[in-house]
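Student: Quick one: this structure, given as structure tokens, is what I'll be asking you about.
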Amino acid sequence: MRRVLLVLEPIIWGLFSAGMMVGGLLLPAWALVMGVAGPLGFAPTATSYDHFHAVASHPLGRLVLLAAIALPLWGGAHHLRHLWLDFGGLRSDGLVGTLCYLVAGIGSGLAIVAVARL
Amino acid sequence: MAELPKKTIVVTRFDPDKDEAPRQQRYEIPVEPDWKVLDALNYIKDNVDPTLSHRWSCRMAVCGSCGMNVDGDAKLTCKDALSDYGDVVEVAPLANFPVIRDLVVEIEAFMEKFQKVKPFILRAKELAVEAGPTHQSPAELDDYRQFSMCINCMLCYAACPVVSNEPDFLGPAAIALGHRYNLDTRDEGQRERHAVFRDDGGIFSCSFANECSRVCPKHVDPAGAIQQAKLQNVIDWVTRLLPGGGGER
Amino acid sequence: MSELRPGVDAMRPARAGATRTADSRPPDGFPGASRYRGYLGFGFGGFFLVTVSLLVLRAVWALGNGEAAWDRVQQSFQNPIYVLFHALAFLWLTWFTLRLFRLFPKTQPKRIGPLERPPDALLVAGLSGVFVVVTLVVAAILWGAF
């Protein structure tokens with residue numbers, strides 16, 4: 001399994017880099033508004049279905065949401081795999097790495113479906 | 001004349017003929033105010049315990065021989081002031097290396113990794129002498145100069161968590177040097193080196209801990225070299241996939 | 001892929017030397033020493049990247065299922081554990097991004113053709129500024145300004 005991951009490494013690294021950038025730029029704002037301000041009642045429009053549907057179903061909105069879901073998944077998966085290696089997990093790297101990237105891959109696939117069906 | 005102050009140097013000792021595993025030995029010695037750590041070790045060997053074994057040569061941070069772990073961190077002992085440390089100083093062989101004896105480590109694996117990156121100018125066809133000298137502008141030299149400053153002291157290997165956790169990893173100095181040649185306008189071996197960089201233990205094993213650049217005594221910044229190499233490698237990988245993009249040197 | 005073990009087999013040569021060697025020791029202080037905190041914190045940022053983006057996915061999926069599903073998800077986000085998680089994620093990912101931008105300059109070549117890489121301090125300040133602007137714009141859009 002580690003051999004397969006090795007062959008795909010350049011593309012994984014590319015997705016990881018993009019994921020860190022996109023995730024770092026978009027997710028803090030999401031966490032702050034949709035995760036803290038909205039649920040605490042400071043941003044009633046944020047949690048409104050009509051408003052979010054209008055934003056999300058716009059072509060640009062779909063694209064940004066797709067990027068905000070899919071790319072950070074690869075960024076995070078790669079980080080977690082390397083964290084596992086940092087703590088001596090070389091023997092199971094093939095399995096752990098594959099699991100991490102499977103989560104990213106399945107999540108990316110679901111993200112495409114999620115934004116397409118809006 | 002006033003008596004010199006004393007420090008205790010706790011040195012890791014290992015004699016493969018006598019010791020099962022490395023052990024520590026304490027030496028209390030007088031120290032001069034301007035001493036480096038290496039001076040203390042040489043004093044011990046010259047005056048206290050001639051059996052102590054350690055590597056050193058130039059005493060001026062260019063040969064790369066005297067790398068050791070001092071108080072838990074990778075240092076060049078000829079560059080490191082003893083006065084920076086407390087009354088008790090621990091000197092151990094470089095981390096991440098097998099130990100031959102006392103403070104002398106086995107560096108053969110570095111030589112093996114080093115050779116893999118082909119650290120020399122590679123050309124499809126050598127230029128004839130009659131063609132004259134190859135021209136390289138100051139800007140072109142500047143592109144790789146920093147990465148050519150490596151003295152092979154291997155402090156970067158001693159500090160790198162990936163060298164520890166993935167023994168096949170090429171390591172900071174080898175990659176930085178490979179990158180140095182990739183950036184050299186006289187070189188035509190980028191494709192070959194990128195293939196090595198993509199192999200098991202290649203550049204993508206690096207997780208950018210930046211420890212290598214932190215400990216480097218010559219400010220080579222191998223971490224920077226490795227990240228630059230990753231981007232170059234992905235571009236190389238993509239262009240190989242495109243029609244007409246393949247082909248070796 | 002060789003059979004070398006992490007830690008003890010670090011920098012072990014392909015051919016054994018003439019004498020018995022003592023095993024390699026990993027670098028001192030890993031993982032608890034302060035010099036590794038930034039690196040390990042950065043690595044653990046991966047956890048927040050994965051979890052927050054999966055929660056975005058959850059919200060967008062519910063959006064596609066209609067208003068009732070959306071409202072249920074929004075209600076679940078009111079759970080104090082979720083709120084605390086998102087607050088921690090916001091702080092951690094902000095630190096993560098600023099650290100990423102601080103490290104960014106050295107990952108770029110010194111020169112691309114005639115264009116020289118800008119001074120590091122300028123690059124970092126510029127990127128951090130972009131982070132602030134984008135965060136404010138995205139937050140404003142989500143908040144309902146547009």
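Residue numbering restarts at 1 in every chain; chains get A, B, ... in the order shown in the structure tokens, and ligands count up from 1 in that same order.
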Write out as a PDB file with N, CA and C atoms, in the first residue's frame every residue belonging to chain A that has an atom at most 12 Å from any atom of chain B, counting only C-alpha atoms.
Tutor:
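Saved the output as iface-v8.pdb:
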```
ATOM      1  N   ARG A   2       1.993   1.172   0.709  1.00  0.00           N
ATOM      2  CA  ARG A   2       2.876   2.336   0.794  1.00  0.00           C
ATOM      3  C   ARG A   2       3.449   2.668  -0.579  1.00  0.00           C
ATOM      4  N   ARG A   3       3.659   1.628  -1.394  1.00  0.00           N
ATOM      5  CA  ARG A   3       4.152   1.814  -2.770  1.00  0.00           C
ATOM      6  C   ARG A   3       3.168   2.636  -3.589  1.00  0.00           C
ATOM      7  N   VAL A   4       1.875   2.297  -3.437  1.00  0.00           N
ATOM      8  CA  VAL A   4       0.837   3.023  -4.190  1.00  0.00           C
ATOM      9  C   VAL A   4       0.836   4.484  -3.777  1.00  0.00           C
ATOM     10  N   LEU A   5       0.902   4.710  -2.463  1.00  0.00           N
ATOM     11  CA  LEU A   5       0.914   6.084  -1.966  1.00  0.00           C
ATOM     12  C   LEU A   5       2.135   6.822  -2.485  1.00  0.00           C
ATOM     13  N   LEU A   6       3.250   6.120  -2.607  1.00  0.00           N
ATOM     14  CA  LEU A   6       4.488   6.740  -3.083  1.00  0.00           C
ATOM     15  C   LEU A   6       4.326   7.239  -4.518  1.00  0.00           C
ATOM     16  N   VAL A   7       3.674   6.421  -5.341  1.00  0.00           N
ATOM     17  CA  VAL A   7       3.480   6.799  -6.747  1.00  0.00           C
ATOM     18  C   VAL A   7       2.602   8.047  -6.845  1.00  0.00           C
ATOM     19  N   LEU A   8       1.602   8.143  -5.943  1.00  0.00           N
ATOM     20  CA  LEU A   8       0.661   9.271  -5.983  1.00  0.00           C
ATOM     21  C   LEU A   8       1.150  10.485  -5.207  1.00  0.00           C
ATOM     22  N   GLU A   9       2.318  10.362  -4.593  1.00  0.00           N
ATOM     23  CA  GLU A   9       2.781  11.403  -3.661  1.00  0.00           C
ATOM     24  C   GLU A   9       2.779  12.822  -4.231  1.00  0.00           C
ATOM     25  N   PRO A  10       3.274  13.058  -5.467  1.00  0.00           N
ATOM     26  CA  PRO A  10       3.279  14.453  -5.949  1.00  0.00           C
ATOM     27  C   PRO A  10       1.884  15.069  -6.001  1.00  0.00           C
ATOM     28  N   ILE A  11       0.898  14.286  -6.439  1.00  0.00           N
ATOM     29  CA  ILE A  11      -0.441  14.871  -6.537  1.00  0.00           C
ATOM     30  C   ILE A  11      -1.046  15.056  -5.148  1.00  0.00           C
ATOM     31  N   ILE A  12      -0.766  14.132  -4.246  1.00  0.00           N
ATOM     32  CA  ILE A  12      -1.245  14.264  -2.869  1.00  0.00           C
ATOM     33  C   ILE A  12      -0.660  15.523  -2.247  1.00  0.00           C
ATOM     34  N   TRP A  13       0.644  15.723  -2.463  1.00  0.00           N
ATOM     35  CA  TRP A  13       1.291  16.912  -1.900  1.00  0.00           C
ATOM     36  C   TRP A  13       0.692  18.185  -2.488  1.00  0.00           C
ATOM     37  N   GLY A  14       0.411  18.174  -3.795  1.00  0.00           N
ATOM     38  CA  GLY A  14      -0.211  19.332  -4.432  1.00  0.00           C
ATOM     39  C   GLY A  14      -1.563  19.653  -3.805  1.00  0.00           C
ATOM     40  N   LEU A  15      -2.384  18.622  -3.598  1.00  0.00           N
ATOM     41  CA  LEU A  15      -3.704  18.812  -2.976  1.00  0.00           C
ATOM     42  C   LEU A  15      -3.553  19.272  -1.526  1.00  0.00           C
ATOM     43  N   PHE A  16      -2.556  18.732  -0.843  1.00  0.00           N
ATOM     44  CA  PHE A  16      -2.291  19.103   0.544  1.00  0.00           C
ATOM     45  C   PHE A  16      -1.926  20.586   0.646  1.00  0.00           C
ATOM     46  N   SER A  17      -1.038  21.029  -0.254  1.00  0.00           N
ATOM     47  CA  SER A  17      -0.633  22.440  -0.234  1.00  0.00           C
ATOM     48  C   SER A  17      -1.822  23.356  -0.486  1.00  0.00           C
ATOM     49  N   ALA A  18      -2.589  23.017  -1.533  1.00  0.00           N
ATOM     50  CA  ALA A  18      -3.773  23.820  -1.850  1.00  0.00           C
ATOM     51  C   ALA A  18      -4.750  23.787  -0.678  1.00  0.00           C
ATOM     52  N   HIS A  78      -3.231  14.640   5.080  1.00  0.00           N
ATOM     53  CA  HIS A  78      -1.781  14.540   4.927  1.00  0.00           C
ATOM     54  C   HIS A  78      -1.075  14.894   6.226  1.00  0.00           C
ATOM     55  N   HIS A  79      -1.539  15.947   6.893  1.00  0.00           N
ATOM     56  CA  HIS A  79      -0.970  16.343   8.181  1.00  0.00           C
ATOM     57  C   HIS A  79      -1.097  15.212   9.191  1.00  0.00           C
ATOM     58  N   LEU A  80      -2.288  14.606   9.249  1.00  0.00           N
ATOM     59  CA  LEU A  80      -2.529  13.561  10.248  1.00  0.00           C
ATOM     60  C   LEU A  80      -1.690  12.324   9.960  1.00  0.00           C
ATOM     61  N   ARG A  81      -1.535  12.008   8.672  1.00  0.00           N
ATOM     62  CA  ARG A  81      -0.689  10.854   8.325  1.00  0.00           C
ATOM     63  C   ARG A  81       0.741  11.105   8.789  1.00  0.00           C
ATOM     64  N   HIS A  82       1.251  12.329   8.575  1.00  0.00           N
ATOM     65  CA  HIS A  82       2.618  12.634   8.972  1.00  0.00           C
ATOM     66  C   HIS A  82       2.768  12.694  10.481  1.00  0.00           C
ATOM     67  N   LEU A  83       1.704  13.106  11.163  1.00  0.00           N
ATOM     68  CA  LEU A  83       1.737  13.112  12.623  1.00  0.00           C
ATOM     69  C   LEU A  83       1.882  11.668  13.138  1.00  0.00           C
ATOM     70  N   TRP A  84       1.189  10.765  12.482  1.00  0.00           N
ATOM     71  CA  TRP A  84       1.284   9.335  12.825  1.00  0.00           C
ATOM     72  C   TRP A  84       2.723   8.849  12.643  1.00  0.00           C
ATOM     73  N   LEU A  85       3.346   9.266  11.533  1.00  0.00           N
ATOM     74  CA  LEU A  85       4.738   8.888  11.279  1.00  0.00           C
ATOM     75  C   LEU A  85       5.669   9.491  12.327  1.00  0.00           C
ATOM     76  N   ASP A  86       5.372  10.719  12.759  1.00  0.00           N
ATOM     77  CA  ASP A  86       6.208  11.387  13.761  1.00  0.00           C
ATOM     78  C   ASP A  86       6.249  10.625  15.063  1.00  0.00           C
ATOM     79  N   PHE A  87       5.181   9.868  15.328  1.00  0.00           N
ATOM     80  CA  PHE A  87       5.138   9.119  16.578  1.00  0.00           C
ATOM     81  C   PHE A  87       5.458   7.643  16.358  1.00  0.00           C
ATOM     82  N   GLY A  88       6.250   7.382  15.351  1.00  0.00           N
ATOM     83  CA  GLY A  88       6.805   6.043  15.144  1.00  0.00           C
ATOM     84  C   GLY A  88       5.928   5.088  14.360  1.00  0.00           C
ATOM     85  N   GLY A  89       4.963   5.609  13.610  1.00  0.00           N
ATOM     86  CA  GLY A  89       3.998   4.725  12.940  1.00  0.00           C
ATOM     87  C   GLY A  89       4.406   4.207  11.574  1.00  0.00           C
ATOM     88  N   LEU A  90       5.699   4.142  11.297  1.00  0.00           N
ATOM     89  CA  LEU A  90       6.162   3.754   9.957  1.00  0.00           C
ATOM     90  C   LEU A  90       5.612   2.408   9.502  1.00  0.00           C
ATOM     91  N   ARG A  91       5.589   1.441  10.411  1.00  0.00           N
ATOM     92  CA  ARG A  91       5.159   0.082  10.049  1.00  0.00           C
ATOM     93  C   ARG A  91       3.751   0.063   9.468  1.00  0.00           C
ATOM     94  N   ASP A  93       2.192   2.708   8.139  1.00  0.00           N
ATOM     95  CA  ASP A  93       1.982   3.910   7.340  1.00  0.00           C
ATOM     96  C   ASP A  93       1.119   3.646   6.111  1.00  0.00           C
TER      97      ASP A  93
END
```
Student: Only residues of chain A matter here; which ones have an atom within 7 Å of chain C, counting only C-alpha atoms? Give them as number ranges by chain.
Tutor: A: 23-26, 28-33, 35-36, 39-40, 43, 45-47, 49, 53, 68-69, 72-73, 75-77, 79-80, 83, 88, 90, 111, 114, 117-118
Student: Mind pulling up the distance from atom CA of B:Leu76 to atom CA of B:Asn96?
Tutor: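 Between atom CA of B:Asn96 and atom CA of B:Leu76 the gap works out to 15.6 Å.
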Student: One decimal, in Å: what's the spacing between atom CA of B:Val48 and atom CA of B:Thr12?
Tutor: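 Taking atom CA of B:Val48 as the start and atom CA of B:Thr12 as the end point, the length is 15.3 Å.
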Student: Dump as a ChimeraX atom specification the residues of chain C that approach chain B to within 9 Å, counting only C-alpha atoms.
Tutor: /C:1-2,4-15,17,19-30,35-36,38-40,43,103,105-111
Student: Can I get the selection written as a CSV table (one decimal), in the first residue's frame, with N, CA and C atoms?
Tutor:
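Written output follows (out02.csv):
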```csv
chain,number,residue,atom,x,y,z
C,1,MET,N,11.3,-0.6,-0.1
C,1,MET,CA,11.0,-0.3,1.3
C,1,MET,C,11.8,-1.2,2.2
C,2,SER,N,12.7,-0.6,2.9
C,2,SER,CA,13.6,-1.5,3.8
C,2,SER,C,12.9,-1.8,5.1
C,4,LEU,N,14.1,-1.3,8.0
C,4,LEU,CA,14.7,-0.5,9.1
C,4,LEU,C,13.6,0.0,10.1
C,5,ARG,N,13.9,-0.1,11.4
C,5,ARG,CA,12.9,0.3,12.4
C,5,ARG,C,13.1,1.8,12.7
C,6,PRO,N,12.0,2.5,12.9
C,6,PRO,CA,12.1,3.9,13.4
C,6,PRO,C,12.9,4.0,14.6
C,7,GLY,N,13.7,5.1,14.8
C,7,GLY,CA,14.4,5.3,16.0
C,7,GLY,C,15.8,4.6,16.0
C,8,VAL,N,15.8,3.3,16.4
C,8,VAL,CA,17.0,2.6,16.6
C,8,VAL,C,17.8,2.3,15.3
C,9,ASP,N,17.1,2.3,14.2
C,9,ASP,CA,17.8,2.0,12.9
C,9,ASP,C,18.1,3.3,12.1
C,10,ALA,N,17.9,4.4,12.7
C,10,ALA,CA,18.1,5.7,12.0
C,10,ALA,C,19.6,5.7,11.5
C,11,MET,N,19.8,6.1,10.3
C,11,MET,CA,21.1,6.3,9.7
C,11,MET,C,22.0,5.0,9.8
C,12,ARG,N,21.3,3.9,9.7
C,12,ARG,CA,22.1,2.6,9.7
C,12,ARG,C,22.5,2.3,8.3
C,13,PRO,N,23.8,2.1,8.1
C,13,PRO,CA,24.3,1.9,6.7
C,13,PRO,C,23.9,0.6,6.1
C,14,ALA,N,23.9,0.5,4.8
C,14,ALA,CA,23.5,-0.8,4.1
C,14,ALA,C,24.5,-1.9,4.5
C,15,ARG,N,25.7,-1.6,4.6
C,15,ARG,CA,26.7,-2.6,5.0
C,15,ARG,C,27.2,-2.3,6.4
C,17,GLY,N,29.6,-2.0,9.6
C,17,GLY,CA,31.0,-1.6,9.7
C,17,GLY,C,31.9,-2.7,10.4
C,19,THR,N,33.2,-2.7,13.4
C,19,THR,CA,33.0,-3.0,14.8
C,19,THR,C,31.5,-2.8,15.1
C,20,ARG,N,31.1,-3.4,16.3
C,20,ARG,CA,29.7,-3.3,16.7
C,20,ARG,C,29.4,-1.8,17.1
C,21,THR,N,28.2,-1.3,16.6
C,21,THR,CA,27.8,0.0,16.9
C,21,THR,C,26.7,0.1,17.9
C,22,ALA,N,26.6,1.1,18.7
C,22,ALA,CA,25.4,1.3,19.6
C,22,ALA,C,24.3,1.9,18.7
C,23,ASP,N,23.1,1.5,19.1
C,23,ASP,CA,21.9,2.0,18.3
C,23,ASP,C,21.8,3.5,18.3
C,24,SER,N,21.1,4.0,17.3
C,24,SER,CA,20.8,5.4,17.2
C,24,SER,C,19.9,5.8,18.3
C,25,ARG,N,20.0,7.1,18.7
C,25,ARG,CA,19.0,7.6,19.7
C,25,ARG,C,18.2,8.7,18.9
C,26,PRO,N,16.9,8.8,19.1
C,26,PRO,CA,16.1,9.9,18.5
C,26,PRO,C,16.6,11.2,19.1
C,27,PRO,N,16.2,12.3,18.4
C,27,PRO,CA,16.6,13.6,18.9
C,27,PRO,C,16.0,13.8,20.3
C,28,ASP,N,16.8,14.5,21.2
C,28,ASP,CA,16.3,14.7,22.6
C,28,ASP,C,15.1,15.5,22.6
C,29,GLY,N,14.2,15.2,23.5
C,29,GLY,CA,13.1,16.1,23.8
C,29,GLY,C,11.9,16.0,23.0
C,30,PHE,N,11.9,15.1,22.0
C,30,PHE,CA,10.7,14.9,21.2
C,30,PHE,C,9.7,14.0,21.9
C,35,ARG,N,10.7,23.4,21.5
C,35,ARG,CA,11.0,23.7,20.1
C,35,ARG,C,10.1,22.9,19.2
C,36,TYR,N,9.5,21.9,19.6
C,36,TYR,CA,8.6,21.1,18.7
C,36,TYR,C,7.2,21.6,18.8
C,38,GLY,N,5.5,24.3,17.9
C,38,GLY,CA,5.0,24.9,16.7
C,38,GLY,C,4.7,23.9,15.6
C,39,TYR,N,5.7,23.0,15.5
C,39,TYR,CA,5.6,21.9,14.4
C,39,TYR,C,4.5,21.0,14.7
C,40,LEU,N,4.4,20.5,16.0
C,40,LEU,CA,3.3,19.5,16.3
C,40,LEU,C,2.0,20.2,16.3
C,43,GLY,N,0.9,20.3,12.8
C,43,GLY,CA,0.5,19.0,12.4
C,43,GLY,C,-0.9,18.7,12.9
C,103,LEU,N,6.1,30.8,7.3
C,103,LEU,CA,7.0,29.9,6.7
C,103,LEU,C,7.1,30.0,5.1
C,105,PRO,N,7.7,32.2,2.6
C,105,PRO,CA,8.7,32.8,1.8
C,105,PRO,C,9.8,31.8,1.4
C,106,LYS,N,10.3,31.0,2.4
C,106,LYS,CA,11.5,30.2,2.1
C,106,LYS,C,11.1,29.0,1.2
C,107,THR,N,9.8,28.8,1.0
C,107,THR,CA,9.4,27.7,0.1
C,107,THR,C,9.4,28.1,-1.3
C,108,GLN,N,9.6,29.4,-1.6
C,108,GLN,CA,9.5,29.8,-3.0
C,108,GLN,C,11.0,30.1,-3.5
C,109,PRO,N,11.1,29.9,-4.8
C,109,PRO,CA,12.5,30.2,-5.4
C,109,PRO,C,12.9,31.6,-5.2
C,110,LYS,N,14.2,31.9,-5.2
C,110,LYS,CA,14.7,33.2,-5.0
C,110,LYS,C,14.3,34.2,-6.1
C,111,ARG,N,14.1,33.5,-7.3
C,111,ARG,CA,14.0,34.3,-8.5
C,111,ARG,C,13.2,33.5,-9.5
```
Student: Between atom CA of B:Cys212 and atom CA of B:Thr8, what is the distance, to one decimal in Å?
Tutor: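 According to the coordinates, atom CA of B:Cys212 and atom CA of B:Thr8 are separated by 28.6 Å.
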